[in-house]
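run21.cif follows (mmCIF, N, CA and C atoms):
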data_query
#
loop_
_atom_site.label_atom_id
_atom_site.label_comp_id
_atom_site.auth_asym_id
_atom_site.auth_seq_id
_atom_site.Cartn_x
_atom_site.Cartn_y
_atom_site.Cartn_z
N MET A 23 135.05 102.44 228.70
CA MET A 23 134.43 101.17 229.02
C MET A 23 133.03 101.37 229.60
N VAL A 24 132.91 102.27 230.56
CA VAL A 24 131.62 102.53 231.18
C VAL A 24 130.65 103.10 230.15
N SER A 25 131.12 103.99 229.29
CA SER A 25 130.24 104.57 228.27
C SER A 25 129.76 103.51 227.29
N THR A 26 130.61 102.53 226.99
CA THR A 26 130.22 101.43 226.10
C THR A 26 129.11 100.61 226.73
N ILE A 27 129.24 100.33 228.02
CA ILE A 27 128.20 99.56 228.73
C ILE A 27 126.88 100.32 228.70
N PHE A 28 126.92 101.63 228.94
CA PHE A 28 125.69 102.43 228.89
C PHE A 28 125.09 102.45 227.48
N ALA A 29 125.95 102.52 226.47
CA ALA A 29 125.46 102.53 225.08
C ALA A 29 124.78 101.21 224.75
N VAL A 30 125.40 100.10 225.11
CA VAL A 30 124.81 98.79 224.85
C VAL A 30 123.52 98.62 225.62
N THR A 31 123.50 99.03 226.87
CA THR A 31 122.29 98.95 227.69
C THR A 31 121.17 99.77 227.07
N GLY A 32 121.49 100.97 226.61
CA GLY A 32 120.49 101.83 225.96
C GLY A 32 119.95 101.21 224.69
N LEU A 33 120.83 100.61 223.88
CA LEU A 33 120.41 99.95 222.64
C LEU A 33 119.47 98.80 222.94
N LEU A 34 119.83 97.95 223.90
CA LEU A 34 118.99 96.81 224.26
C LEU A 34 117.64 97.27 224.80
N SER A 35 117.65 98.32 225.60
CA SER A 35 116.40 98.84 226.16
C SER A 35 115.50 99.38 225.06
N SER A 36 116.07 100.14 224.11
CA SER A 36 115.24 100.69 223.05
C SER A 36 114.70 99.60 222.14
N MET A 37 115.50 98.56 221.87
CA MET A 37 115.02 97.45 221.04
C MET A 37 113.94 96.67 221.78
N SER A 38 114.09 96.49 223.07
CA SER A 38 113.09 95.78 223.86
C SER A 38 111.76 96.54 223.82
N ASN A 39 111.81 97.87 223.94
CA ASN A 39 110.59 98.67 223.86
C ASN A 39 109.94 98.55 222.49
N LYS A 40 110.75 98.54 221.42
CA LYS A 40 110.23 98.43 220.06
C LYS A 40 109.58 97.07 219.86
N LEU A 41 110.20 96.00 220.37
CA LEU A 41 109.62 94.66 220.25
C LEU A 41 108.29 94.58 220.99
N MET A 42 108.18 95.28 222.13
CA MET A 42 106.91 95.30 222.87
C MET A 42 105.83 95.98 222.03
N GLU A 43 106.19 97.06 221.33
CA GLU A 43 105.23 97.75 220.46
C GLU A 43 104.75 96.82 219.35
N LEU A 44 105.66 96.03 218.79
CA LEU A 44 105.30 95.12 217.69
C LEU A 44 104.30 94.06 218.15
N GLN A 45 104.32 93.72 219.44
CA GLN A 45 103.37 92.72 219.94
C GLN A 45 101.94 93.21 219.86
N ALA A 46 101.73 94.52 219.72
CA ALA A 46 100.38 95.07 219.61
C ALA A 46 99.77 94.79 218.24
N CYS A 47 100.59 94.40 217.26
CA CYS A 47 100.07 94.09 215.93
C CYS A 47 99.30 92.77 215.99
N HIS A 48 98.26 92.67 215.18
CA HIS A 48 97.42 91.47 215.17
C HIS A 48 98.11 90.32 214.46
N GLY A 49 97.74 89.12 214.85
CA GLY A 49 98.25 87.92 214.19
C GLY A 49 99.09 87.08 215.13
N ASP A 50 99.68 86.06 214.57
CA ASP A 50 100.46 85.09 215.33
C ASP A 50 101.91 85.59 215.46
N MET A 51 102.12 86.51 216.39
CA MET A 51 103.45 87.10 216.56
C MET A 51 104.47 86.05 217.00
N MET A 52 104.08 85.17 217.92
CA MET A 52 105.01 84.14 218.38
C MET A 52 105.36 83.21 217.22
N GLY A 53 104.38 82.89 216.38
CA GLY A 53 104.63 82.06 215.21
C GLY A 53 105.58 82.74 214.23
N LEU A 54 105.45 84.06 214.08
CA LEU A 54 106.36 84.80 213.21
C LEU A 54 107.79 84.72 213.73
N VAL A 55 107.95 84.94 215.03
CA VAL A 55 109.29 84.90 215.62
C VAL A 55 109.86 83.49 215.51
N THR A 56 109.06 82.50 215.88
CA THR A 56 109.53 81.11 215.89
C THR A 56 109.82 80.59 214.49
N ASN A 57 108.95 80.89 213.53
CA ASN A 57 109.05 80.27 212.21
C ASN A 57 109.66 81.14 211.12
N CYS A 58 109.74 82.44 211.33
CA CYS A 58 110.22 83.33 210.27
C CYS A 58 111.50 84.09 210.60
N MET A 59 111.79 84.27 211.86
CA MET A 59 112.93 85.10 212.23
C MET A 59 114.23 84.60 211.61
N MET A 60 114.38 83.29 211.52
CA MET A 60 115.62 82.74 210.96
C MET A 60 115.83 83.16 209.52
N TYR A 61 114.74 83.49 208.81
CA TYR A 61 114.85 83.89 207.41
C TYR A 61 115.14 85.38 207.24
N VAL A 62 114.73 86.20 208.19
CA VAL A 62 114.84 87.65 208.02
C VAL A 62 115.88 88.31 208.93
N GLN A 63 116.53 87.53 209.75
CA GLN A 63 117.53 88.12 210.65
C GLN A 63 118.81 88.46 209.90
N LYS A 64 119.50 89.45 210.40
CA LYS A 64 120.78 89.86 209.81
C LYS A 64 121.93 89.08 210.42
N VAL A 65 121.79 88.66 211.67
CA VAL A 65 122.82 87.89 212.34
C VAL A 65 122.65 86.43 211.95
N LEU A 66 123.67 85.82 211.42
CA LEU A 66 123.62 84.44 210.96
C LEU A 66 122.45 84.19 210.01
N PRO A 67 122.34 84.99 208.96
CA PRO A 67 121.21 84.80 208.03
C PRO A 67 121.35 83.51 207.24
N LEU A 68 120.22 82.93 206.91
CA LEU A 68 120.21 81.77 206.03
C LEU A 68 120.42 82.26 204.60
N PRO A 69 120.93 81.42 203.73
CA PRO A 69 121.03 81.85 202.33
C PRO A 69 119.62 82.13 201.80
N ASN A 70 119.53 82.92 200.73
CA ASN A 70 118.22 83.23 200.16
C ASN A 70 117.49 81.95 199.84
N MET A 71 116.34 81.80 200.40
CA MET A 71 115.52 80.61 200.19
C MET A 71 114.07 80.95 200.45
N ASP A 72 113.19 80.08 200.01
CA ASP A 72 111.77 80.29 200.23
C ASP A 72 111.44 80.08 201.70
N ALA A 73 110.43 80.79 202.16
CA ALA A 73 109.96 80.62 203.53
C ALA A 73 109.32 79.25 203.69
N SER A 74 109.38 78.72 204.89
CA SER A 74 108.75 77.43 205.17
C SER A 74 107.23 77.59 205.19
N GLU A 75 106.54 76.47 205.14
CA GLU A 75 105.07 76.51 205.21
C GLU A 75 104.62 77.10 206.54
N ALA A 76 105.33 76.77 207.62
CA ALA A 76 104.98 77.30 208.94
C ALA A 76 105.17 78.82 208.98
N CYS A 77 106.24 79.30 208.34
CA CYS A 77 106.46 80.75 208.29
C CYS A 77 105.34 81.42 207.49
N CYS A 78 105.01 80.85 206.35
CA CYS A 78 103.92 81.42 205.52
C CYS A 78 102.60 81.43 206.28
N ASN A 79 102.32 80.36 207.02
CA ASN A 79 101.08 80.32 207.80
C ASN A 79 101.05 81.46 208.82
N ALA A 80 102.17 81.69 209.49
CA ALA A 80 102.24 82.79 210.46
C ALA A 80 102.13 84.14 209.76
N LEU A 81 102.81 84.29 208.62
CA LEU A 81 102.74 85.55 207.86
C LEU A 81 101.31 85.85 207.41
N ASN A 82 100.59 84.81 207.02
CA ASN A 82 99.23 85.01 206.52
C ASN A 82 98.25 85.42 207.60
N THR A 83 98.60 85.22 208.88
CA THR A 83 97.72 85.66 209.96
C THR A 83 98.11 87.03 210.49
N ALA A 84 99.28 87.51 210.09
CA ALA A 84 99.84 88.72 210.69
C ALA A 84 99.45 89.99 209.94
N ASP A 85 99.42 91.07 210.68
CA ASP A 85 99.22 92.40 210.11
C ASP A 85 100.61 92.93 209.74
N ILE A 86 101.07 92.56 208.54
CA ILE A 86 102.42 92.89 208.11
C ILE A 86 102.65 94.40 208.03
N PRO A 87 101.70 95.20 207.49
CA PRO A 87 101.94 96.66 207.49
C PRO A 87 102.16 97.21 208.90
N CYS A 88 101.45 96.67 209.89
CA CYS A 88 101.65 97.10 211.28
C CYS A 88 103.06 96.77 211.74
N LEU A 89 103.49 95.55 211.44
CA LEU A 89 104.85 95.15 211.80
C LEU A 89 105.88 96.03 211.11
N CYS A 90 105.68 96.26 209.82
CA CYS A 90 106.62 97.08 209.06
C CYS A 90 106.71 98.49 209.63
N HIS A 91 105.57 99.02 210.05
CA HIS A 91 105.54 100.36 210.62
C HIS A 91 106.38 100.43 211.90
N GLY A 92 106.39 99.33 212.64
CA GLY A 92 107.11 99.31 213.91
C GLY A 92 108.59 99.02 213.80
N ILE A 93 109.04 98.59 212.63
CA ILE A 93 110.46 98.26 212.45
C ILE A 93 111.19 99.49 211.95
N SER A 94 112.10 99.96 212.77
CA SER A 94 112.86 101.13 212.36
C SER A 94 114.16 101.19 213.14
N GLY A 95 114.98 102.11 212.79
CA GLY A 95 116.19 102.42 213.54
C GLY A 95 117.07 101.23 213.84
N GLN A 96 117.40 101.08 215.12
CA GLN A 96 118.34 100.06 215.56
C GLN A 96 117.86 98.65 215.24
N LEU A 97 116.57 98.41 215.34
CA LEU A 97 116.02 97.08 215.06
C LEU A 97 116.32 96.68 213.62
N GLU A 98 116.12 97.60 212.70
CA GLU A 98 116.39 97.32 211.29
C GLU A 98 117.89 97.28 211.01
N GLN A 99 118.64 98.15 211.62
CA GLN A 99 120.07 98.19 211.36
C GLN A 99 120.82 96.99 211.91
N THR A 100 120.32 96.42 212.99
CA THR A 100 121.08 95.36 213.66
C THR A 100 120.47 93.97 213.60
N ILE A 101 119.16 93.86 213.45
CA ILE A 101 118.53 92.55 213.60
C ILE A 101 117.73 92.09 212.40
N ILE A 102 116.86 92.94 211.86
CA ILE A 102 115.88 92.50 210.86
C ILE A 102 116.17 93.08 209.48
N ASP A 103 116.14 92.22 208.47
CA ASP A 103 116.31 92.63 207.07
C ASP A 103 114.91 92.85 206.50
N THR A 104 114.47 94.10 206.42
CA THR A 104 113.10 94.39 205.99
C THR A 104 112.86 94.04 204.53
N ALA A 105 113.89 94.07 203.71
CA ALA A 105 113.71 93.67 202.31
C ALA A 105 113.27 92.21 202.23
N LYS A 106 113.78 91.39 203.14
CA LYS A 106 113.38 89.97 203.16
C LYS A 106 111.94 89.81 203.64
N ILE A 107 111.50 90.67 204.56
CA ILE A 107 110.10 90.61 205.00
C ILE A 107 109.18 90.86 203.81
N VAL A 108 109.49 91.89 203.04
CA VAL A 108 108.69 92.22 201.86
C VAL A 108 108.69 91.05 200.88
N SER A 109 109.85 90.46 200.66
CA SER A 109 109.99 89.33 199.74
C SER A 109 109.20 88.11 200.22
N PHE A 110 109.32 87.78 201.50
CA PHE A 110 108.61 86.61 202.03
C PHE A 110 107.10 86.82 202.03
N ALA A 111 106.66 88.03 202.33
CA ALA A 111 105.22 88.30 202.29
C ALA A 111 104.68 88.01 200.90
N GLU A 112 105.42 88.44 199.88
CA GLU A 112 104.99 88.20 198.50
C GLU A 112 105.03 86.72 198.15
N SER A 113 106.12 86.03 198.52
CA SER A 113 106.23 84.61 198.17
C SER A 113 105.23 83.75 198.92
N CYS A 114 104.73 84.25 200.05
CA CYS A 114 103.72 83.51 200.82
C CYS A 114 102.29 83.87 200.39
N GLY A 115 102.16 84.67 199.34
CA GLY A 115 100.84 85.01 198.82
C GLY A 115 100.16 86.16 199.52
N LYS A 116 100.92 86.95 200.28
CA LYS A 116 100.35 88.10 200.97
C LYS A 116 101.23 89.33 200.70
N PRO A 117 101.31 89.73 199.41
CA PRO A 117 102.19 90.87 199.09
C PRO A 117 101.69 92.15 199.72
N LEU A 118 102.63 93.00 200.07
CA LEU A 118 102.28 94.31 200.61
C LEU A 118 101.80 95.20 199.48
N ALA A 119 100.91 96.10 199.80
CA ALA A 119 100.41 97.05 198.81
C ALA A 119 101.59 97.88 198.31
N HIS A 120 101.57 98.21 197.02
CA HIS A 120 102.63 99.01 196.44
C HIS A 120 102.74 100.34 197.16
N GLY A 121 103.96 100.71 197.47
CA GLY A 121 104.20 101.96 198.19
C GLY A 121 104.22 101.81 199.69
N THR A 122 103.95 100.59 200.21
CA THR A 122 103.99 100.37 201.65
C THR A 122 105.42 100.52 202.15
N GLN A 123 105.58 101.24 203.24
CA GLN A 123 106.89 101.42 203.85
C GLN A 123 107.11 100.28 204.84
N CYS A 124 108.24 99.59 204.72
CA CYS A 124 108.61 98.55 205.68
C CYS A 124 110.01 98.87 206.15
N GLY A 125 110.09 99.45 207.34
CA GLY A 125 111.37 99.97 207.80
C GLY A 125 111.80 101.07 206.85
N SER A 126 113.01 100.96 206.32
CA SER A 126 113.47 101.97 205.37
C SER A 126 113.18 101.57 203.93
N LYS A 127 112.58 100.39 203.73
CA LYS A 127 112.29 99.91 202.37
C LYS A 127 110.85 100.25 202.00
N LYS A 128 110.66 100.61 200.75
CA LYS A 128 109.32 100.89 200.25
C LYS A 128 109.06 99.94 199.10
N THR A 129 107.88 99.28 199.12
CA THR A 129 107.57 98.38 198.03
C THR A 129 107.36 99.19 196.77
N LEU A 130 107.82 98.65 195.67
CA LEU A 130 107.79 99.36 194.42
C LEU A 130 106.73 98.78 193.49
N LEU A 131 106.31 99.59 192.56
CA LEU A 131 105.39 99.10 191.54
C LEU A 131 106.14 98.13 190.64
N LYS A 132 105.50 97.04 190.28
CA LYS A 132 106.10 96.10 189.37
C LYS A 132 105.89 96.60 187.95
N PRO A 133 106.86 96.35 187.07
CA PRO A 133 106.68 96.78 185.69
C PRO A 133 105.55 96.01 185.03
N LEU A 134 104.81 96.69 184.17
CA LEU A 134 103.74 96.04 183.44
C LEU A 134 104.34 95.14 182.36
N HIS A 135 103.78 93.96 182.21
CA HIS A 135 104.24 93.06 181.17
C HIS A 135 103.45 93.34 179.89
N ASN A 136 104.07 93.10 178.77
CA ASN A 136 103.37 93.28 177.49
C ASN A 136 102.22 92.27 177.40
N ILE A 137 101.11 92.74 176.92
CA ILE A 137 99.94 91.86 176.80
C ILE A 137 99.90 91.27 175.42
#
Just give me the structure of the file as C-alpha coordinates.
Amino acid sequence: MVSTIFAVTGLLSSMSNKLMELQACHGDMMGLVTNCMMYVQKVLPLPNMDASEACCNALNTADIPCLCHGISGQLEQTIIDTAKIVSFAESCGKPLAHGTQCGSKKTLLKPLHNI
(Lines of atoms letter the chains of each structure in order from A and count residues from 1; the text may use other names and numbers.)
(Lines give C-alpha, C1' and ligand atoms only; values in the text may rest on other atoms or scores of the structure.)
Protein backbone atom coordinates (compact mmCIF):
# COMPACT_ATOMS: atom_id res chain seq x y z
CA MET A 1 0.00 0.00 0.00
CA VAL A 2 2.73 2.46 0.97
CA SER A 3 4.75 1.61 -2.15
CA THR A 4 1.66 2.26 -4.30
CA ILE A 5 1.22 5.70 -2.74
CA PHE A 6 4.89 6.51 -3.42
CA ALA A 7 4.56 5.27 -7.02
CA VAL A 8 1.47 7.41 -7.66
CA THR A 9 3.09 10.43 -6.00
CA GLY A 10 6.20 9.97 -8.15
CA LEU A 11 4.11 9.67 -11.33
CA LEU A 12 2.15 12.84 -10.53
CA SER A 13 5.34 14.72 -9.67
CA SER A 14 7.07 13.71 -12.91
CA MET A 15 4.00 14.62 -14.99
CA SER A 16 3.73 17.97 -13.21
CA ASN A 17 7.39 18.70 -14.04
CA LYS A 18 6.81 17.73 -17.69
CA LEU A 19 3.74 20.00 -17.92
CA MET A 20 5.85 22.87 -16.51
CA GLU A 21 8.42 22.26 -19.28
CA LEU A 22 5.68 22.39 -21.92
CA GLN A 23 4.68 25.86 -20.69
CA ALA A 24 8.02 27.11 -22.04
CA CYS A 25 6.78 26.48 -25.60
CA HIS A 26 5.49 29.55 -27.43
CA GLY A 27 1.83 30.12 -28.18
CA ASP A 28 -1.50 30.01 -26.41
CA MET A 29 -0.83 27.11 -24.04
CA MET A 30 -3.90 27.83 -21.89
CA GLY A 31 -6.01 27.93 -25.06
CA LEU A 32 -4.59 24.56 -26.11
CA VAL A 33 -5.45 23.00 -22.76
CA THR A 34 -8.89 24.61 -22.59
CA ASN A 35 -9.93 24.06 -26.20
CA CYS A 36 -7.98 21.01 -27.41
CA MET A 37 -7.31 18.71 -24.48
CA MET A 38 -10.75 17.13 -24.72
CA TYR A 39 -9.87 15.96 -28.24
CA VAL A 40 -6.43 14.48 -27.51
CA GLN A 41 -6.82 13.02 -24.03
CA LYS A 42 -6.79 9.29 -23.48
CA VAL A 43 -9.09 9.43 -20.44
CA LEU A 44 -12.69 9.84 -21.57
CA PRO A 45 -11.73 10.57 -25.18
CA LEU A 46 -14.27 12.04 -27.55
CA PRO A 47 -15.06 10.00 -30.64
CA ASN A 48 -12.91 10.88 -33.66
CA MET A 49 -14.07 14.27 -34.78
CA ASP A 50 -12.73 17.49 -36.20
CA ALA A 51 -11.21 20.01 -33.84
CA SER A 52 -13.30 23.03 -32.94
CA GLU A 53 -12.52 26.46 -34.36
CA ALA A 54 -11.26 27.53 -30.91
CA CYS A 55 -8.92 24.53 -30.79
CA CYS A 56 -7.60 25.29 -34.29
CA ASN A 57 -7.04 28.94 -33.33
CA ALA A 58 -4.98 27.83 -30.32
CA LEU A 59 -3.09 25.24 -32.40
CA ASN A 60 -2.24 27.86 -35.01
CA THR A 61 -0.54 30.05 -32.38
CA ALA A 62 1.37 27.20 -30.77
CA ASP A 63 4.84 25.83 -31.37
CA ILE A 64 3.62 22.28 -31.96
CA PRO A 65 7.10 20.74 -32.55
CA CYS A 66 8.14 22.15 -29.14
CA LEU A 67 5.09 20.61 -27.52
CA CYS A 68 5.67 17.30 -29.28
CA HIS A 69 9.27 17.26 -28.11
CA GLY A 70 8.10 17.65 -24.52
CA ILE A 71 5.52 14.87 -24.63
CA SER A 72 7.03 11.57 -23.66
CA GLY A 73 6.90 8.71 -21.23
CA GLN A 74 4.14 8.75 -18.65
CA LEU A 75 2.42 11.81 -20.14
CA GLU A 76 1.96 10.03 -23.46
CA GLN A 77 1.15 6.66 -21.94
CA THR A 78 -1.50 7.95 -19.56
CA ILE A 79 -2.91 11.28 -20.72
CA ILE A 80 -2.17 12.47 -24.27
CA ASP A 81 -2.76 10.69 -27.59
CA THR A 82 0.05 12.12 -29.74
CA ALA A 83 -1.36 10.62 -32.94
CA LYS A 84 -4.40 12.86 -32.45
CA ILE A 85 -2.16 15.92 -31.98
CA VAL A 86 -0.55 15.20 -35.35
CA SER A 87 -3.97 14.68 -36.93
CA PHE A 88 -5.48 17.86 -35.47
CA ALA A 89 -2.48 19.96 -36.46
CA GLU A 90 -2.98 18.82 -40.05
CA SER A 91 -6.76 19.31 -40.04
CA CYS A 92 -6.29 22.81 -38.61
CA GLY A 93 -3.99 23.76 -41.49
CA LYS A 94 -0.72 23.54 -39.56
CA PRO A 95 0.69 20.12 -40.46
CA LEU A 96 3.92 19.03 -38.86
CA ALA A 97 6.92 18.67 -41.12
CA HIS A 98 7.39 15.12 -42.37
CA GLY A 99 9.58 13.14 -40.02
CA THR A 100 8.72 15.28 -36.97
CA GLN A 101 8.71 13.24 -33.79
CA CYS A 102 5.65 13.79 -31.57
CA GLY A 103 6.02 11.67 -28.49
CA SER A 104 6.55 8.17 -29.83
CA LYS A 105 4.82 8.98 -33.14
CA LYS A 106 6.69 10.19 -36.20
CA THR A 107 4.91 11.95 -39.03
CA LEU A 108 5.19 10.02 -42.23
CA LEU A 109 5.61 11.05 -45.82
CA LYS A 110 2.32 11.04 -47.68
CA PRO A 111 2.18 8.93 -50.82
CA LEU A 112 2.48 10.85 -54.06
CA HIS A 113 -0.69 10.96 -56.10
CA ASN A 114 -0.62 10.24 -59.82
CA ILE A 115 -0.50 13.43 -61.83
Residues returned when the PyMOL selection byres ((chain A and resi 85-99) around 6.5) runs on this file, as a VMD selection string: chain A and resid 37 40 43 to 44 47 to 50 81 83 to 84 100 to 104 123 to 126
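In this model, the gap between atom C of A:Pro69 and atom CA of A:Ala46 comes to 29.2 Å.
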Surrounding residues of A:Phe110 excluding itself and chain neighbours under 6 positions, 8 Å, only N, CA and C atoms, as a PyMOL selection string: chain A and resi 72-73+77-78+81+104+116-118
If you keep N, CA and C atoms, can you produce a file of those selected residues as a PDB file, in the frame of the given file?
ATOM      1  N   ASP A  72     113.190  80.080 200.010  1.00  0.00           N
ATOM      2  CA  ASP A  72     111.770  80.290 200.230  1.00  0.00           C
ATOM      3  C   ASP A  72     111.440  80.080 201.700  1.00  0.00           C
ATOM      4  N   ALA A  73     110.430  80.790 202.160  1.00  0.00           N
ATOM      5  CA  ALA A  73     109.960  80.620 203.530  1.00  0.00           C
ATOM      6  C   ALA A  73     109.320  79.250 203.690  1.00  0.00           C
ATOM      7  N   CYS A  77     106.240  79.300 208.340  1.00  0.00           N
ATOM      8  CA  CYS A  77     106.460  80.750 208.290  1.00  0.00           C
ATOM      9  C   CYS A  77     105.340  81.420 207.490  1.00  0.00           C
ATOM     10  N   CYS A  78     105.010  80.850 206.350  1.00  0.00           N
ATOM     11  CA  CYS A  78     103.920  81.420 205.520  1.00  0.00           C
ATOM     12  C   CYS A  78     102.600  81.430 206.280  1.00  0.00           C
ATOM     13  N   LEU A  81     102.810  84.290 208.620  1.00  0.00           N
ATOM     14  CA  LEU A  81     102.740  85.550 207.860  1.00  0.00           C
ATOM     15  C   LEU A  81     101.310  85.850 207.410  1.00  0.00           C
ATOM     16  N   THR A 104     114.470  94.100 206.420  1.00  0.00           N
ATOM     17  CA  THR A 104     113.100  94.390 205.990  1.00  0.00           C
ATOM     18  C   THR A 104     112.860  94.040 204.530  1.00  0.00           C
ATOM     19  N   LYS A 116     100.920  86.950 200.280  1.00  0.00           N
ATOM     20  CA  LYS A 116     100.350  88.100 200.970  1.00  0.00           C
ATOM     21  C   LYS A 116     101.230  89.330 200.700  1.00  0.00           C
ATOM     22  N   PRO A 117     101.310  89.730 199.410  1.00  0.00           N
ATOM     23  CA  PRO A 117     102.190  90.870 199.090  1.00  0.00           C
ATOM     24  C   PRO A 117     101.690  92.150 199.720  1.00  0.00           C
ATOM     25  N   LEU A 118     102.630  93.000 200.070  1.00  0.00           N
ATOM     26  CA  LEU A 118     102.280  94.310 200.610  1.00  0.00           C
ATOM     27  C   LEU A 118     101.800  95.200 199.480  1.00  0.00           C
TER      28      LEU A 118
END
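Proximity ranking of A:Asn57, A:Ser113, A:Thr122, A:Thr129 relative to A:Ala80 places A:Asn57 first, based on all atoms listed in the file.
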Between atom CA of A:Met60 and atom CA of A:Lys128 - distance in Å to one decimal: 22.0 Å
Point-to-point distance in Å for atom CA of A:Val65 and atom CA of A:Gly115: 26.0 Å
Per-residue DSSP, stretch 34-130 of chain A, filtered to strand (DSSP E), as a ChimeraX atom specification: /A:123-124,127-128
Same residues, N, CA and C atoms, output as an mmCIF file, keeping the file's coordinate frame:
data_model
loop_
_atom_site.group_PDB
_atom_site.id
_atom_site.type_symbol
_atom_site.label_atom_id
_atom_site.label_comp_id
_atom_site.auth_asym_id
_atom_site.auth_seq_id
_atom_site.Cartn_x
_atom_site.Cartn_y
_atom_site.Cartn_z
ATOM 1 N N GLN A 123 105.580 101.240 203.240
ATOM 2 C CA GLN A 123 106.890 101.420 203.850
ATOM 3 C C GLN A 123 107.110 100.280 204.840
ATOM 4 N N CYS A 124 108.240 99.590 204.720
ATOM 5 C CA CYS A 124 108.610 98.550 205.680
ATOM 6 C C CYS A 124 110.010 98.870 206.150
ATOM 7 N N LYS A 127 112.580 100.390 203.730
ATOM 8 C CA LYS A 127 112.290 99.910 202.370
ATOM 9 C C LYS A 127 110.850 100.250 202.000
ATOM 10 N N LYS A 128 110.660 100.610 200.750
ATOM 11 C CA LYS A 128 109.320 100.890 200.250
ATOM 12 C C LYS A 128 109.060 99.940 199.100
#
Where atoms are absent from stretch 60-73 of chain A, fill them in so it carries N, CA, C and O atoms, then output it as a JSON list (two decimals), keeping the file's coordinate frame.
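Output contents, as saved in part.json:
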[["chain", "number", "residue", "atom", "x", "y", "z"],
["A", 60, "MET", "N", 114.38, 83.29, 211.52],
["A", 60, "MET", "CA", 115.62, 82.74, 210.96],
["A", 60, "MET", "C", 115.83, 83.16, 209.52],
["A", 60, "MET", "O", 116.96, 83.22, 209.04],
["A", 61, "TYR", "N", 114.74, 83.49, 208.81],
["A", 61, "TYR", "CA", 114.85, 83.89, 207.41],
["A", 61, "TYR", "C", 115.14, 85.38, 207.24],
["A", 61, "TYR", "O", 115.69, 85.79, 206.22],
["A", 62, "VAL", "N", 114.73, 86.20, 208.19],
["A", 62, "VAL", "CA", 114.84, 87.65, 208.02],
["A", 62, "VAL", "C", 115.88, 88.31, 208.93],
["A", 62, "VAL", "O", 116.08, 89.51, 208.85],
["A", 63, "GLN", "N", 116.53, 87.53, 209.75],
["A", 63, "GLN", "CA", 117.53, 88.12, 210.65],
["A", 63, "GLN", "C", 118.81, 88.46, 209.90],
["A", 63, "GLN", "O", 119.13, 87.85, 208.89],
["A", 64, "LYS", "N", 119.50, 89.45, 210.40],
["A", 64, "LYS", "CA", 120.78, 89.86, 209.81],
["A", 64, "LYS", "C", 121.93, 89.08, 210.42],
["A", 64, "LYS", "O", 122.95, 88.88, 209.78],
["A", 65, "VAL", "N", 121.79, 88.66, 211.67],
["A", 65, "VAL", "CA", 122.82, 87.89, 212.34],
["A", 65, "VAL", "C", 122.65, 86.43, 211.95],
["A", 65, "VAL", "O", 121.56, 85.87, 212.10],
["A", 66, "LEU", "N", 123.67, 85.82, 211.42],
["A", 66, "LEU", "CA", 123.62, 84.44, 210.96],
["A", 66, "LEU", "C", 122.45, 84.19, 210.01],
["A", 66, "LEU", "O", 121.64, 83.28, 210.22],
["A", 67, "PRO", "N", 122.34, 84.99, 208.96],
["A", 67, "PRO", "CA", 121.21, 84.80, 208.03],
["A", 67, "PRO", "C", 121.35, 83.51, 207.24],
["A", 67, "PRO", "O", 122.46, 83.05, 206.96],
["A", 68, "LEU", "N", 120.22, 82.93, 206.91],
["A", 68, "LEU", "CA", 120.21, 81.77, 206.03],
["A", 68, "LEU", "C", 120.42, 82.26, 204.60],
["A", 68, "LEU", "O", 120.10, 83.40, 204.28],
["A", 69, "PRO", "N", 120.93, 81.42, 203.73],
["A", 69, "PRO", "CA", 121.03, 81.85, 202.33],
["A", 69, "PRO", "C", 119.62, 82.13, 201.80],
["A", 69, "PRO", "O", 118.63, 81.66, 202.36],
["A", 70, "ASN", "N", 119.53, 82.92, 200.73],
["A", 70, "ASN", "CA", 118.22, 83.23, 200.16],
["A", 70, "ASN", "C", 117.49, 81.95, 199.84],
["A", 70, "ASN", "O", 118.00, 81.10, 199.10],
["A", 71, "MET", "N", 116.34, 81.80, 200.40],
["A", 71, "MET", "CA", 115.52, 80.61, 200.19],
["A", 71, "MET", "C", 114.07, 80.95, 200.45],
["A", 71, "MET", "O", 113.77, 82.00, 201.01],
["A", 72, "ASP", "N", 113.19, 80.08, 200.01],
["A", 72, "ASP", "CA", 111.77, 80.29, 200.23],
["A", 72, "ASP", "C", 111.44, 80.08, 201.70],
["A", 72, "ASP", "O", 112.07, 79.27, 202.38],
["A", 73, "ALA", "N", 110.43, 80.79, 202.16],
["A", 73, "ALA", "CA", 109.96, 80.62, 203.53],
["A", 73, "ALA", "C", 109.32, 79.25, 203.69],
["A", 73, "ALA", "O", 108.76, 78.70, 202.74]]
